[in-house]
Amino acid sequence: DDDIFSSAFCENSEKLINVHLFALAAKYYSLFNLGVCTPLEDVLEALKGDSEGATGIKPDEFMNNKKSHEVQVMSELVDSIANYCGIKQVIDIGSGKGYLSSFLSMQYNLKVYGIDSSSSNTNGAHERNRKLKKHWRSYQSRGRENLKSQSLEKANDRPVESEINCKTINEDPLNNASSLQNQDQVLIQGLVPSCGSTEMAVPETNTETEGDLVSGTQSHETKPSEEVLAVLNSLPADVVEDFSSSHYNCRELCEEEKVQRKMTSLKTKARKSSESNLYFPLTSCITAETELSDIITDLENCMMVGLHTCGDLAANTLRIFAAKPEIKAVCSVGCCYHLLSEQFENQEECHDQVWGFPMCQYLKDKGWCCGRNARMSACLALERVAVGQMLPIESLFYRAVLQVIIEEIYGVTKSDRHVGKTFSKSSSFVDYVRRSLKKLELDDSKVPDSCIMDYYEKYKHRMNELEAFNMLKVVLAPCIEVLILLDRLCYLKEQENIAWSGLVKLFDPVKSPRCYAVIALKNQSC
């Protein structure tokens with residue numbers, strides 16, 4: 001109750017007098033407790049997408065633990081949405097070095113355009129993708145071995161047929177392939193709307209080359225093992241042809257079948273030749289007014305994604321999605337809330353500017369403003385602190401005392417320059433101050449070492465206060481993040497062309513604190 005929680009503050013001084021009640025209020029207004037999120041499992045079940053990679057590849061083979069976790073979970077969801085909407089093109093906004101983009105293209109055979117404003121990131125993505133493609137076959141091989149061992153374990157739990165005749169080898173893969181193609185798209189009842197084409201996108205089949213398959217079987221005896229035959233039964237027709245016609249000659253193919261299989265084989269080769277160019281890193285600064293067709297010449301029905309899009313970029317991603325009919329879905333995970341531009345933070349009138357916050361009409365009508373300090377707090381990670389990953393108090397103390405020095409000695413209260421990660425490079429507080437002053441382009445000769453240490457000694461005893469204050473900010477962080485995320489969700493709810501939108505918790509918040517995705521799908525007619 002708001003009246004109960006308000007008693008955490010003194011009515012006259014407005015100072016915090018009940019920390020326990022303050023913490024309970026913060027928990028009460030967290031996303032988890034408000035019950036506005038849609039569980040990821042429900043979304044995946046509703047989409048009915050075959051979102052498991054065909055080769056069982058784990059991204060932790062070429063990414064760190066945090067990035068691997070994020071890419072694996074998000075790529076599974078993106079692939080499910082793409083399959084459901086019947087689209088093959090994905091636009092990754094703020095793609096950075098292309099971790100998500102390259103995995104989506106190689107693991108799920110999606111055509112991905114990764115757009116980043118930094119040319120160094122784009123160049124890095126090109127180089128990383130080149131190296132990744134060089135080693136991708138070995139990743140696939142290990143992935144197939146993983147799946148093979150899993151299949152054998154499952155096979156031990158059920159009886160295996162003693163005989164599989166040649167007719168099965170020739171016909172079953174054809175039947176399997178056609179049954180895949182004839183599957184109707186499963187409509188999502190009550191959660192996600194029908195989107196895009198009414199035909200379900202057919203999952204990509206295994207594109208292993210005939211040469212690989214032949215070399216893999218020549219070491220066996222003339223009669224293939226049951227294990228090999230079981231694998232053959234799951235392969236597409238154009239792959240099986242090599243075994244049935246060249247090795248076993250069970251029956252002669254009629255001319256019509258030969259032509260059909262030849263055409264299938266040509267299509268497979270054409271697809272394989274284009275697979276090496278499924279990911280295209282591009283350099284461009286994205287704003288709310290960006291015309292994607294000016295950047296992507298072959299723009300078609302697609303979806304937009306963003307993994308930790310920074311500041312206003314997350315808001316602009318949603319605006320572009322709502323405005324462009326060819327974008328059928330969006331999945332955006334934002335970050336860096338402190339870099340959001342706020343319409344009501346300053347009193348200056350900027351009628352032409354598109355602001356990062358607020359987005360929805362309700363908060364605009366209220367003239368709502370968070371302020372930079374609140375947005376900075378929203379970036380803190382409560383879950384990490386809860387499991388013992390404490391705040392960098394010494395670094396925060398250095399920064400606080402530095403600000404006092406800058407204000408009192410240099411008379412500077414506001415600067416566009418940033419200190420950055422100076423603390424980790426500093427050997428002492430004096431070294432930290434001097435490095436910081438140079439970064440801020442201030443004359444460090446104005447302050448001797450003894451003066452710097454006097455400031456340190458003056459405030460050293462207040463370090464515990466600083467720690468307590470920052471812990472309160474950590475407790476409050478989820479509430480501020482709720483406000484920003486609900487603002488984005490409400491904006492989507494206000495759009496008439498959007499059939500479903502929701503907030504979904506994608507990641508483990510200890511591994512990846514910015515773990516919530518804003519997801520939306522357009523109406524079928526849009």
# chains A, B, ... in the order shown; residues from 1 in each chain; ligands from 1

$ residues_around --residues "segment 378-388 of chain A" --least-positions-apart "3" --cutoff "10 Å" --atoms "only C-alpha atoms" --output "PyMOL selection string"
chain A and resi 335-338+372-375+391+470-471+473-484+508-514

$ residues_around --residues "Val36 of chain A" --least-positions-apart "5" --cutoff "12 Å" --atoms "only C-alpha atoms" --output "list in words"
Tyr29, Ser30, Leu31, Val482, Leu485, Leu486, Leu489, Cys490, Ser501, Gly502, Leu503, Val504, Lys505, Tyr516 and Val518 of chain A

$ residues_around --residues "Ala517 of chain A" --least-positions-apart "4" --cutoff "12 Å" --atoms "only C-alpha atoms" --output "PDB file with N, CA and C atoms, in the first residue's frame"
ATOM      1  N   CYS A  37       5.516  -9.709 -16.515  1.00  0.00           N
ATOM      2  CA  CYS A  37       6.380 -10.396 -17.478  1.00  0.00           C
ATOM      3  C   CYS A  37       5.738 -11.691 -17.968  1.00  0.00           C
ATOM      4  N   THR A  38       6.021 -12.024 -19.214  1.00  0.00           N
ATOM      5  CA  THR A  38       5.601 -13.302 -19.796  1.00  0.00           C
ATOM      6  C   THR A  38       6.783 -14.259 -19.700  1.00  0.00           C
ATOM      7  N   PRO A  39       6.604 -15.444 -19.102  1.00  0.00           N
ATOM      8  CA  PRO A  39       7.724 -16.387 -18.994  1.00  0.00           C
ATOM      9  C   PRO A  39       8.263 -16.789 -20.363  1.00  0.00           C
ATOM     10  N   LEU A  40       9.568 -16.903 -20.470  1.00  0.00           N
ATOM     11  CA  LEU A  40      10.201 -17.281 -21.727  1.00  0.00           C
ATOM     12  C   LEU A  40       9.694 -18.629 -22.218  1.00  0.00           C
ATOM     13  N   VAL A  43       6.466 -18.277 -24.048  1.00  0.00           N
ATOM     14  CA  VAL A  43       6.619 -17.677 -25.380  1.00  0.00           C
ATOM     15  C   VAL A  43       7.115 -18.715 -26.375  1.00  0.00           C
ATOM     16  N   GLU A  70      24.058 -15.182 -23.093  1.00  0.00           N
ATOM     17  CA  GLU A  70      23.139 -14.242 -23.738  1.00  0.00           C
ATOM     18  C   GLU A  70      22.823 -14.658 -25.170  1.00  0.00           C
ATOM     19  N   VAL A  73      20.628 -18.022 -25.486  1.00  0.00           N
ATOM     20  CA  VAL A  73      19.211 -17.865 -25.128  1.00  0.00           C
ATOM     21  C   VAL A  73      18.490 -16.980 -26.144  1.00  0.00           C
ATOM     22  N   MET A  74      19.092 -15.856 -26.492  1.00  0.00           N
ATOM     23  CA  MET A  74      18.405 -14.913 -27.380  1.00  0.00           C
ATOM     24  C   MET A  74      18.300 -15.451 -28.797  1.00  0.00           C
ATOM     25  N   LEU A  77      15.362 -17.772 -29.147  1.00  0.00           N
ATOM     26  CA  LEU A  77      14.089 -17.054 -29.223  1.00  0.00           C
ATOM     27  C   LEU A  77      13.926 -16.369 -30.581  1.00  0.00           C
ATOM     28  N   VAL A  78      14.978 -15.725 -31.071  1.00  0.00           N
ATOM     29  CA  VAL A  78      14.908 -15.030 -32.358  1.00  0.00           C
ATOM     30  C   VAL A  78      14.585 -16.013 -33.477  1.00  0.00           C
ATOM     31  N   VAL A 305      16.410  -7.022 -34.005  1.00  0.00           N
ATOM     32  CA  VAL A 305      16.862  -7.487 -32.701  1.00  0.00           C
ATOM     33  C   VAL A 305      17.916  -6.521 -32.182  1.00  0.00           C
ATOM     34  N   GLY A 306      18.099  -6.534 -30.888  1.00  0.00           N
ATOM     35  CA  GLY A 306      19.139  -5.718 -30.277  1.00  0.00           C
ATOM     36  C   GLY A 306      19.535  -6.328 -28.948  1.00  0.00           C
ATOM     37  N   LEU A 307      20.794  -6.720 -28.832  1.00  0.00           N
ATOM     38  CA  LEU A 307      21.293  -7.299 -27.586  1.00  0.00           C
ATOM     39  C   LEU A 307      22.110  -6.239 -26.858  1.00  0.00           C
ATOM     40  N   HIS A 308      21.504  -5.668 -25.820  1.00  0.00           N
ATOM     41  CA  HIS A 308      22.099  -4.592 -25.028  1.00  0.00           C
ATOM     42  C   HIS A 308      22.384  -3.370 -25.884  1.00  0.00           C
ATOM     43  N   THR A 309      21.305  -2.900 -26.508  1.00  0.00           N
ATOM     44  CA  THR A 309      21.353  -1.639 -27.249  1.00  0.00           C
ATOM     45  C   THR A 309      21.437  -0.494 -26.249  1.00  0.00           C
ATOM     46  N   ALA A 314      17.822   1.713 -27.940  1.00  0.00           N
ATOM     47  CA  ALA A 314      16.740   0.763 -27.648  1.00  0.00           C
ATOM     48  C   ALA A 314      15.379   1.381 -27.963  1.00  0.00           C
ATOM     49  N   LEU A 318      12.522   0.444 -31.226  1.00  0.00           N
ATOM     50  CA  LEU A 318      11.078   0.213 -31.122  1.00  0.00           C
ATOM     51  C   LEU A 318      10.303   1.179 -32.020  1.00  0.00           C
ATOM     52  N   VAL A 330      10.042  -7.642 -33.280  1.00  0.00           N
ATOM     53  CA  VAL A 330      11.194  -7.009 -32.634  1.00  0.00           C
ATOM     54  C   VAL A 330      11.491  -7.732 -31.330  1.00  0.00           C
ATOM     55  N   CYS A 331      12.777  -7.849 -31.023  1.00  0.00           N
ATOM     56  CA  CYS A 331      13.225  -8.408 -29.739  1.00  0.00           C
ATOM     57  C   CYS A 331      14.408  -7.561 -29.292  1.00  0.00           C
ATOM     58  N   SER A 332      14.190  -6.724 -28.293  1.00  0.00           N
ATOM     59  CA  SER A 332      15.193  -5.731 -27.909  1.00  0.00           C
ATOM     60  C   SER A 332      15.498  -5.804 -26.418  1.00  0.00           C
ATOM     61  N   VAL A 333      16.785  -5.948 -26.109  1.00  0.00           N
ATOM     62  CA  VAL A 333      17.257  -5.897 -24.723  1.00  0.00           C
ATOM     63  C   VAL A 333      18.114  -4.639 -24.582  1.00  0.00           C
ATOM     64  N   GLY A 334      17.640  -3.683 -23.811  1.00  0.00           N
ATOM     65  CA  GLY A 334      18.355  -2.418 -23.669  1.00  0.00           C
ATOM     66  C   GLY A 334      19.360  -2.432 -22.535  1.00  0.00           C
ATOM     67  N   CYS A 335      20.187  -1.396 -22.500  1.00  0.00           N
ATOM     68  CA  CYS A 335      21.138  -1.228 -21.393  1.00  0.00           C
ATOM     69  C   CYS A 335      21.540   0.246 -21.328  1.00  0.00           C
ATOM     70  N   LEU A 485      11.242   0.233 -18.549  1.00  0.00           N
ATOM     71  CA  LEU A 485      10.770  -0.881 -19.378  1.00  0.00           C
ATOM     72  C   LEU A 485       9.264  -0.819 -19.613  1.00  0.00           C
ATOM     73  N   LEU A 486       8.505  -0.459 -18.590  1.00  0.00           N
ATOM     74  CA  LEU A 486       7.053  -0.356 -18.760  1.00  0.00           C
ATOM     75  C   LEU A 486       6.689   0.805 -19.684  1.00  0.00           C
ATOM     76  N   ARG A 488       8.379   1.623 -22.311  1.00  0.00           N
ATOM     77  CA  ARG A 488       8.568   1.069 -23.658  1.00  0.00           C
ATOM     78  C   ARG A 488       7.433   0.110 -24.023  1.00  0.00           C
ATOM     79  N   LEU A 489       7.031  -0.692 -23.068  1.00  0.00           N
ATOM     80  CA  LEU A 489       5.935  -1.627 -23.332  1.00  0.00           C
ATOM     81  C   LEU A 489       4.634  -0.873 -23.593  1.00  0.00           C
ATOM     82  N   SER A 501       2.570  -7.741 -27.595  1.00  0.00           N
ATOM     83  CA  SER A 501       3.835  -7.231 -27.072  1.00  0.00           C
ATOM     84  C   SER A 501       3.953  -7.632 -25.616  1.00  0.00           C
ATOM     85  N   GLY A 502       5.178  -7.786 -25.163  1.00  0.00           N
ATOM     86  CA  GLY A 502       5.369  -8.196 -23.783  1.00  0.00           C
ATOM     87  C   GLY A 502       6.807  -8.033 -23.327  1.00  0.00           C
ATOM     88  N   LEU A 503       6.990  -8.157 -22.020  1.00  0.00           N
ATOM     89  CA  LEU A 503       8.315  -8.168 -21.412  1.00  0.00           C
ATOM     90  C   LEU A 503       8.660  -9.597 -21.038  1.00  0.00           C
ATOM     91  N   VAL A 504       9.851 -10.033 -21.397  1.00  0.00           N
ATOM     92  CA  VAL A 504      10.274 -11.409 -21.144  1.00  0.00           C
ATOM     93  C   VAL A 504      11.658 -11.396 -20.503  1.00  0.00           C
ATOM     94  N   LYS A 505      11.785 -12.116 -19.402  1.00  0.00           N
ATOM     95  CA  LYS A 505      13.087 -12.247 -18.752  1.00  0.00           C
ATOM     96  C   LYS A 505      13.881 -13.323 -19.481  1.00  0.00           C
ATOM     97  N   LEU A 506      14.937 -12.907 -20.186  1.00  0.00           N
ATOM     98  CA  LEU A 506      15.702 -13.841 -21.006  1.00  0.00           C
ATOM     99  C   LEU A 506      16.879 -14.462 -20.268  1.00  0.00           C
ATOM    100  N   PHE A 507      17.601 -13.667 -19.487  1.00  0.00           N
ATOM    101  CA  PHE A 507      18.896 -14.109 -18.975  1.00  0.00           C
ATOM    102  C   PHE A 507      18.902 -14.283 -17.461  1.00  0.00           C
ATOM    103  N   PRO A 513      22.959  -8.752 -15.867  1.00  0.00           N
ATOM    104  CA  PRO A 513      21.976  -7.961 -15.106  1.00  0.00           C
ATOM    105  C   PRO A 513      20.874  -7.335 -15.954  1.00  0.00           C
TER     106      PRO A 513
END

$ closest_residue --among "A:Glu326, A:Glu45, A:Asp298, A:Asp487" --to "Lys111 of chain A" --atoms "only C-alpha atoms"
A:Asp298

$ residues_around --residues "Ala329 of chain A" --least-positions-apart "4" --cutoff "8 Å" --atoms "only C-alpha atoms" --output "MDAnalysis selection string"
chainID A and resid 81 302:304 321 519:522

$ atom_distance --atom1 "atom CA of Gln353 of chain A" --atom2 "atom CA of Glu289 of chain A"
10.7 Å

$ closest_residue --among "A:Lys324, A:Lys97, A:Arg434, A:Lys88" --to "Leu110 of chain A" --atoms "only C-alpha atoms"
A:Lys88

$ closest_residue --among "A:Ile409, A:Val71, A:Leu472, A:Ser80" --to "Asn18 of chain A" --atoms "only C-alpha atoms"
A:Leu472

$ select_by_dssp --residues "segment 75-127 of chain A" --states "alpha helix (DSSP H)" --output "ChimeraX atom specification"
/A:75-85,99-108,119-127
